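S.K.: Structure file coords_0.cif, mmCIF, C-alpha atoms, is pasted below:
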data_run
loop_
_atom_site.label_atom_id
_atom_site.label_comp_id
_atom_site.auth_asym_id
_atom_site.auth_seq_id
_atom_site.Cartn_x
_atom_site.Cartn_y
_atom_site.Cartn_z
CA MET H 1 20.64 6.59 -6.29
CA GLU H 2 18.66 3.53 -5.25
CA ASP H 3 18.01 3.02 -1.54
CA TYR H 4 18.22 -0.36 0.15
CA TYR H 5 14.45 -0.78 -0.14
CA THR H 6 14.51 -0.44 -3.92
CA LYS H 7 17.60 -2.65 -4.20
CA ILE H 8 15.82 -5.43 -2.32
CA GLU H 9 12.75 -5.16 -4.56
CA ASN H 10 14.88 -5.39 -7.70
CA ALA H 11 16.97 -8.33 -6.49
CA TYR H 12 14.40 -10.24 -4.43
CA ASP H 13 13.34 -12.88 -6.97
CA ASP H 14 16.96 -13.95 -7.51
CA LEU H 15 17.87 -14.24 -3.83
CA SER H 16 18.33 -17.61 -2.16
CA LYS H 17 15.93 -18.70 0.56
CA GLY H 18 18.41 -17.65 3.25
CA LEU H 19 19.07 -14.24 1.71
CA LYS H 20 15.32 -13.65 1.36
CA LYS H 21 15.02 -14.30 5.08
CA VAL H 22 17.58 -11.56 5.72
CA ALA H 23 15.85 -9.21 3.25
CA ASN H 24 12.45 -9.71 4.87
CA TYR H 25 13.90 -9.04 8.31
CA LEU H 26 15.52 -5.83 7.11
CA LEU H 27 12.25 -4.60 5.60
CA GLU H 28 10.29 -5.45 8.74
CA GLU H 29 12.84 -4.44 11.40
CA PRO H 30 15.27 -1.87 10.00
CA THR H 31 16.04 -0.68 13.55
CA ALA H 32 17.67 -4.04 14.27
CA PHE H 33 20.18 -3.41 11.48
CA ALA H 34 20.68 0.22 12.48
CA ALA H 35 21.48 -0.62 16.11
CA ASN H 36 23.33 -3.94 15.98
CA PRO H 37 26.47 -5.46 14.43
CA ALA H 38 26.12 -8.08 11.70
CA LYS H 39 26.87 -10.93 14.11
CA LYS H 40 23.99 -10.02 16.43
CA VAL H 41 21.57 -9.60 13.51
CA GLY H 42 22.59 -13.05 12.28
CA GLU H 43 22.01 -14.54 15.72
CA ALA H 44 18.53 -13.01 15.88
CA LEU H 45 17.71 -14.53 12.51
CA GLY H 46 19.41 -17.86 13.11
CA VAL H 47 21.88 -17.38 10.24
CA SER H 48 25.63 -16.87 10.10
CA GLU H 49 27.37 -13.52 10.11
CA SER H 50 28.83 -14.41 6.72
CA MET H 51 25.30 -14.67 5.28
CA ILE H 52 24.55 -11.14 6.48
CA THR H 53 27.73 -9.97 4.76
CA ARG H 54 26.87 -11.89 1.60
CA PHE H 55 23.45 -10.26 1.58
CA CYS H 56 25.07 -6.81 1.68
CA LEU H 57 27.46 -7.68 -1.15
CA THR H 58 24.62 -9.11 -3.23
CA LEU H 59 22.77 -5.80 -3.03
CA GLY H 60 25.89 -3.94 -4.17
CA TYR H 61 27.20 -2.63 -0.85
CA LYS H 62 30.89 -2.85 0.04
CA GLY H 63 29.98 -4.46 3.34
CA TYR H 64 27.65 -4.41 6.32
CA SER H 65 28.82 -1.01 7.61
CA GLU H 66 27.81 0.72 4.36
CA LEU H 67 24.33 -0.80 4.48
CA GLN H 68 24.05 -0.01 8.19
CA ASP H 69 24.87 3.67 7.60
CA GLU H 70 22.07 3.90 5.04
CA VAL H 71 19.58 2.12 7.31
CA ARG H 72 20.52 4.43 10.20
CA ASP H 73 19.81 7.46 8.02
CA HIS H 74 16.45 5.94 7.09
CA VAL H 75 15.47 5.25 10.72
CA PHE H 76 16.60 8.70 11.84
CA ASN H 77 14.68 10.42 9.05
CA GLN H 78 11.52 8.51 9.94
CA LYS H 79 11.68 9.77 13.52
CA ARG H 80 12.04 13.42 12.52
CA ILE H 81 9.55 13.40 9.63
CA PHE H 82 7.30 16.03 11.19
CA ALA H 83 10.21 18.12 12.43
CA GLU H 84 11.31 18.93 8.90
CA TYR H 85 10.07 18.36 5.37
CA PRO H 86 13.14 19.12 3.23
CA LEU H 87 12.41 19.45 -0.46
CA SER H 88 14.80 19.59 -3.38
CA HIS H 89 16.15 23.11 -2.71
CA ASN H 90 17.27 24.82 0.46
CA GLU H 91 15.01 27.80 -0.15
CA GLU H 92 11.99 25.49 0.06
CA LYS H 93 12.62 25.19 3.81
CA GLU H 94 11.50 28.78 4.13
CA ARG H 95 7.98 27.85 3.04
CA PRO H 96 5.24 27.58 5.71
CA PHE H 97 5.14 24.17 7.38
CA HIS H 98 1.73 23.18 5.98
CA GLU H 99 2.93 23.99 2.45
CA ARG H 100 6.07 21.88 2.84
CA VAL H 101 4.01 18.92 4.04
CA MET H 102 1.52 19.21 1.20
CA LEU H 103 4.24 19.64 -1.44
CA HIS H 104 5.96 16.58 -0.01
CA ASP H 105 2.71 14.63 -0.42
CA GLN H 106 2.51 15.92 -3.98
CA PHE H 107 5.99 14.54 -4.66
CA ASN H 108 5.03 11.12 -3.27
CA ILE H 109 1.80 11.02 -5.30
CA ALA H 110 3.71 11.87 -8.48
CA SER H 111 6.28 9.12 -7.76
CA THR H 112 3.52 6.54 -7.29
CA ALA H 113 1.64 7.70 -10.40
CA GLU H 114 4.74 7.26 -12.53
CA ASN H 115 5.17 3.67 -11.34
CA ILE H 116 1.60 2.54 -12.01
CA LYS H 117 1.37 0.67 -15.30
CA GLU H 118 -1.55 1.82 -17.44
CA GLU H 119 -2.42 -1.74 -18.48
CA GLN H 120 -2.70 -2.83 -14.86
CA PHE H 121 -4.87 0.17 -14.04
CA LYS H 122 -7.21 -0.59 -16.96
CA GLN H 123 -7.34 -4.25 -15.95
CA ALA H 124 -8.31 -3.32 -12.38
CA THR H 125 -11.05 -0.89 -13.42
CA ALA H 126 -12.48 -3.41 -15.88
CA SER H 127 -12.51 -6.18 -13.25
CA LEU H 128 -14.35 -3.92 -10.80
CA ALA H 129 -16.87 -2.71 -13.39
CA GLU H 130 -17.73 -6.30 -14.35
CA ALA H 131 -17.75 -7.79 -10.85
CA ASP H 132 -20.88 -9.22 -9.29
CA GLN H 133 -19.45 -8.74 -5.80
CA VAL H 134 -16.50 -6.76 -4.46
CA LEU H 135 -15.08 -7.34 -0.98
CA ILE H 136 -12.70 -4.73 0.43
CA ALA H 137 -10.42 -5.37 3.40
CA GLY H 138 -8.13 -3.05 5.31
CA LEU H 139 -7.21 -3.33 8.98
CA ARG H 140 -5.67 -0.94 11.49
CA TYR H 141 -4.69 2.37 9.85
CA THR H 142 -5.84 1.17 6.39
CA PHE H 143 -9.42 0.61 7.58
CA SER H 144 -10.37 4.20 6.72
CA MET H 145 -9.07 3.66 3.18
CA ALA H 146 -11.12 0.50 2.76
CA HIS H 147 -14.19 2.22 4.21
CA TRP H 148 -13.91 5.19 1.85
CA LEU H 149 -13.37 2.98 -1.20
CA THR H 150 -16.41 0.85 -0.31
CA TYR H 151 -18.63 3.93 -0.13
CA ALA H 152 -17.17 5.43 -3.32
CA LEU H 153 -17.69 2.22 -5.32
CA GLN H 154 -21.23 1.85 -4.02
CA SER H 155 -21.97 5.42 -5.09
CA ILE H 156 -21.19 4.54 -8.73
CA GLY H 157 -23.18 1.31 -8.75
CA ILE H 158 -20.58 -1.29 -7.77
CA ASN H 159 -21.82 -3.99 -5.39
CA ALA H 160 -19.06 -3.46 -2.81
CA ARG H 161 -18.89 -4.66 0.78
CA LEU H 162 -16.50 -3.73 3.56
CA TYR H 163 -14.76 -6.54 5.42
CA ARG H 164 -15.56 -6.34 9.11
CA PRO H 165 -13.58 -8.77 11.28
CA ASP H 166 -16.11 -8.35 14.10
CA LEU H 167 -18.90 -9.75 11.91
CA ASP H 168 -18.72 -12.76 9.54
CA ALA H 169 -16.05 -14.03 7.18
CA HIS H 170 -17.67 -12.41 4.10
CA LEU H 171 -16.48 -15.21 1.85
CA ASP H 172 -19.85 -16.86 1.20
CA PHE H 173 -20.77 -14.96 -1.94
CA GLY H 174 -23.15 -16.82 -4.22
CA SER H 175 -22.32 -15.20 -7.56
CA THR H 176 -19.49 -16.02 -9.92
CA LYS H 177 -17.49 -12.83 -10.54
CA HIS H 178 -15.73 -11.83 -7.34
CA VAL H 179 -13.07 -9.20 -6.73
CA PHE H 180 -11.18 -8.91 -3.46
CA ILE H 181 -9.39 -5.61 -2.83
CA VAL H 182 -6.92 -5.83 0.01
CA PHE H 183 -4.89 -3.06 1.66
CA SER H 184 -1.71 -4.59 3.04
CA PHE H 185 0.94 -2.33 4.56
CA HIS H 186 3.71 -3.00 7.04
CA ALA H 187 3.24 -4.51 9.57
CA TYR H 188 1.31 -6.87 7.32
CA SER H 189 -1.87 -8.25 8.89
CA THR H 190 -1.97 -12.05 8.84
CA GLU H 191 -5.78 -11.89 8.81
CA THR H 192 -6.01 -10.07 5.47
CA LEU H 193 -3.28 -12.30 4.03
CA MET H 194 -5.24 -15.41 5.05
CA LEU H 195 -8.36 -13.94 3.47
CA ALA H 196 -6.43 -13.31 0.26
CA GLU H 197 -5.13 -16.88 0.29
CA GLU H 198 -8.67 -18.24 0.66
CA ALA H 199 -10.01 -15.88 -2.01
CA LYS H 200 -7.27 -17.07 -4.36
CA ARG H 201 -8.23 -20.69 -3.68
CA ARG H 202 -11.80 -19.80 -4.69
CA ASP H 203 -10.54 -18.21 -7.91
CA TRP H 204 -11.45 -14.63 -7.02
CA THR H 205 -9.70 -11.75 -8.74
CA ILE H 206 -7.42 -10.09 -6.18
CA ILE H 207 -6.26 -6.48 -6.29
CA GLY H 208 -3.51 -5.66 -3.81
CA ILE H 209 -2.68 -2.14 -2.64
CA THR H 210 0.54 -2.23 -0.67
CA ASP H 211 3.86 -0.58 0.12
CA SER H 212 6.24 -2.85 -1.77
CA GLY H 213 6.43 -4.97 -4.89
CA ILE H 214 7.64 -7.85 -2.71
CA ALA H 215 5.13 -7.45 0.13
CA PRO H 216 3.49 -10.75 1.22
CA ILE H 217 0.26 -9.91 -0.65
CA SER H 218 2.20 -9.96 -3.94
CA LYS H 219 2.07 -13.78 -3.89
CA HIS H 220 -1.73 -13.72 -4.10
CA ALA H 221 -2.58 -10.57 -6.07
CA ASP H 222 -3.57 -10.72 -9.73
CA THR H 223 -2.94 -6.98 -9.92
CA LEU H 224 -0.60 -5.24 -7.50
CA PHE H 225 -0.37 -1.49 -6.89
CA PRO H 226 2.63 -0.54 -4.70
CA VAL H 227 2.67 3.04 -3.45
CA TYR H 228 5.98 4.83 -3.11
CA PHE H 229 6.89 7.31 -0.40
CA SER H 230 10.34 8.71 0.14
CA LYS H 231 10.61 8.32 3.93
CA ARG H 232 8.82 4.98 4.28
CA SER H 233 6.57 6.31 7.03
CA HIS H 234 2.97 5.32 7.75
CA SER H 235 2.06 8.99 8.11
CA GLU H 236 2.82 9.51 4.42
CA THR H 237 0.67 6.65 3.18
CA ALA H 238 -2.86 8.05 3.34
CA PRO H 239 -2.52 11.02 0.93
CA ILE H 240 -0.97 8.79 -1.74
CA VAL H 241 -3.46 5.97 -1.35
CA PHE H 242 -6.53 8.21 -1.32
CA SER H 243 -5.31 9.96 -4.46
CA PHE H 244 -4.88 6.60 -6.19
CA LEU H 245 -8.31 5.40 -5.00
CA ASN H 246 -9.88 8.54 -6.41
CA ALA H 247 -8.23 7.76 -9.74
CA LEU H 248 -9.50 4.17 -9.57
CA VAL H 249 -13.11 5.19 -8.92
CA SER H 250 -12.91 7.93 -11.55
CA GLY H 251 -11.56 5.41 -14.07
CA ILE H 252 -14.59 3.18 -13.57
CA SER H 253 -16.95 6.17 -13.78
CA ILE H 254 -15.47 7.26 -17.11
CA ASN H 255 -15.95 3.76 -18.55
CA GLU H 256 -19.45 3.36 -17.07
CA PRO H 257 -20.99 6.85 -17.40
CA GLU H 258 -24.66 5.86 -17.57
CA ARG H 259 -24.54 3.43 -14.64
CA THR H 260 -22.63 6.02 -12.62
CA ARG H 261 -25.14 8.76 -13.42
CA GLN H 262 -28.18 6.64 -12.62
CA ASN H 263 -26.76 5.36 -9.37
CA LYS H 264 -25.72 8.82 -8.18
CA LEU H 265 -29.28 10.04 -8.85
CA THR H 266 -30.70 7.10 -6.88
CA MET H 267 -28.36 7.70 -3.93
CA GLU H 268 -29.17 11.41 -3.91
CA GLU H 269 -32.92 10.64 -3.82
CA LYS H 270 -32.38 8.30 -0.88
CA ARG H 271 -30.29 10.91 0.91
CA LEU H 272 -32.94 13.58 0.46
CA LYS H 273 -35.68 11.25 1.71
CA GLN H 274 -33.65 10.37 4.80
CA THR H 275 -32.77 14.01 5.47
CA PHE H 276 -36.20 15.52 4.98
CA LYS H 277 -38.29 12.38 5.74
CA LEU H 278 -40.18 12.64 2.44
#
Could you write out this structure as structure tokens?
M.R.:
Amino acid sequence: MEDYYTKIENAYDDLSKGLKKVANYLLEEPTAFAANPAKKVGEALGVSESMITRFCLTLGYKGYSELQDEVRDHVFNQKRIFAEYPLSHNEEKERPFHERVMLHDQFNIASTAENIKEEQFKQATASLAEADQVLIAGLRYTFSMAHWLTYALQSIGINARLYRPDLDAHLDFGSTKHVFIVFSFHAYSTETLMLAEEAKRRDWTIIGITDSGIAPISKHADTLFPVYFSKRSHSETAPIVFSFLNALVSGISINEPERTRQNKLTMEEKRLKQTFKL
């Protein structure tokens, strides 16, 4: 059965401007829907109570109370994510805690893998392999993802740079083939979105890695990779994203074996020289 998150993604393009406003608020502040009646949610948004009801009916719910019950379950489950990791069968709860967590990650990775279109994956790896410059941006808890991907791409010969907000804007590249990889997860950073908007204006190729097919970065991305996780919790994001990034780097390596081999040899020589001061 589809949850409210999936229903919004599927219906989003056909929603009116007012209903999109309600949808965005629900995605960003589910607790507001879980804790308040429709009238109060409408007041917070500056829309009528009837629009909140119409939004629920449009998604296929019988009314606001049915949607609210589902959102309450979602919010409650998020808060107890580390208290229990229920799997598909009751006997799985008898497994050791670490095994339940890791099997849960495995489930999320498999769900994301199934939703990635092969053509999009090939397009992304080709764009990165052919790029003169690659800029990678991720803020807050996605910074570690951006940092790892920068290092991994550099290790296979890709001219990648990590966006550092404490330094310069990083948009003054002098070559012609640019790729901008942006990590954009809720709450979506306005800084990375503004960078993506500017990169789009300069005709860069933009690859978005995000948590929803209707996330704000989707308006700018040439290729979008949404990751899927059952409880919609930030704590679940990293294992899925790192697995996908490994696949992305491996995909480039397979298509560029000689460049990858030569660059790994060069990096290993540099490492040995730095370690042993040769």
S.K.: Between H:Ser250, H:Lys264, H:Asp132, H:Asn108, which is the closest to H:Trp204 once you count all atoms listed in the file?
M.R.: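 Closest candidate: H:Asp132.
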S.K.: For the structure provided, state which residues fall under the PyMOL selection byres ((chain H and resi 60) around 12), and present them as a list in words.
M.R.: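 With the PyMOL selection byres ((chain H and resi 60) around 12) on this model, the match is Met1, Glu2, Asp3, Tyr4, Thr6, Lys7, Ile8, Asn10, Ala11, Thr53, Arg54, Phe55, Cys56, Leu57, Thr58, Leu59, Tyr61, Lys62, Gly63, Tyr64, Glu66 and Leu67 of chain H.
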S.K.: List the spatial neighbours of H:Met194 as a PyMOL selection string - criterion: any atom at most 10 Å away, all atoms listed in the file, same-chain residues fewer than 5 positions off excluded.
M.R.: chain H and resi 189+199-200+217+220
S.K.: Edge lengths and centre, in Å to one decimal, as lines of an AutoDock Vina configuration file: that's what I need for the box along x, y and z that holds all listed atoms of stretch 53-62 of chain H plus 6 Å on each side.
M.R.:
center_x = 26.8
center_y = -7.3
center_z = 0.3
size_x = 20.1
size_y = 21.3
size_z = 20.9
S.K.: Can you tell me, as a list in words, what residues are no more than 12 Å from H:Lys117 when counting only C-alpha atoms, ignoring any on the same chain fewer than 6 positions away?
M.R.: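 Final neighbour list, sorted by chain and number: Gln123, Ala124, Thr223, Leu224, Phe225 and Pro226 of chain H.
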S.K.: Taking into account all atoms listed in the file, which residue in the set H:Asn246, H:Asn263, H:Thr237, H:Ser48 is nearest to H:Leu149?
M.R.: H:Asn246
S.K.: Measuring atom to atom with only C-alpha atoms, identify which of H:Leu27, H:Ala35, H:Ile240, H:Leu248 is nearest to H:Pro216.
M.R.: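 Comparing H:Leu27, H:Ala35, H:Ile240, H:Leu248 against H:Pro216, the winner is H:Leu27.
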S.K.: To one decimal place, how far is atom CA of H:Ile116 from atom CA of H:Asp222 in Å?
M.R.: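 Value for the atom CA of H:Ile116-atom CA of H:Asp222 distance: 14.4 Å.
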S.K.: I want to know what sits within 12 Å of stretch 207-210 of chain H, based on only C-alpha atoms, with residues of the same chain fewer than 5 positions away left out; could you give that as a VMD selection string?
M.R.: chain H and resid 112 116 120 to 121 123 to 128 134 to 138 142 145 to 146 149 178 to 189 192 to 193 196 199 to 200 215 to 229 234 237 to 238 240 to 242 244 to 245 248
S.K.: In Å, how far is it from atom CA of H:Lys20 to atom CA of H:Gly213?
M.R.: 13.9 Å
S.K.: I would like the residues chosen by the PyMOL selection byres ((chain H and resi 41) around 12) on the shown file; could you give them as JSON, numbers by chain?
M.R.: {"H": [21, 22, 23, 25, 26, 29, 30, 31, 32, 33, 34, 35, 36, 37, 38, 39, 40, 42, 43, 44, 45, 46, 47, 48, 49, 50, 51, 52, 53, 64, 68]}
S.K.: Mind giving me the straight-line distance from atom CA of H:Gly157 to atom CA of H:Glu130 in Å, one decimal?
M.R.: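 So the two atoms, atom CA of H:Gly157 and atom CA of H:Glu130, lie 10.9 Å apart.
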S.K.: Of the candidates H:Ser144, H:Ser155, H:Arg100, H:Leu139, which shows the shortest atom-to-atom distance to H:Arg261, using only C-alpha atoms?
M.R.: H:Ser155
S.K.: From the list H:Glu236, H:Tyr141, H:Tyr163, H:Gln262, which residue is nearest H:Gln106 when using all atoms listed in the file?
M.R.: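 Looking at the shortest contact to H:Gln106, the residue is H:Glu236.
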S.K.: For each of H:Asn24, H:Ser65, H:Ser16, H:Gln154, take the minimum atom-to-atom distance to H:Thr266, counting only C-alpha atoms, then give the residue where this is smallest.
M.R.: H:Gln154
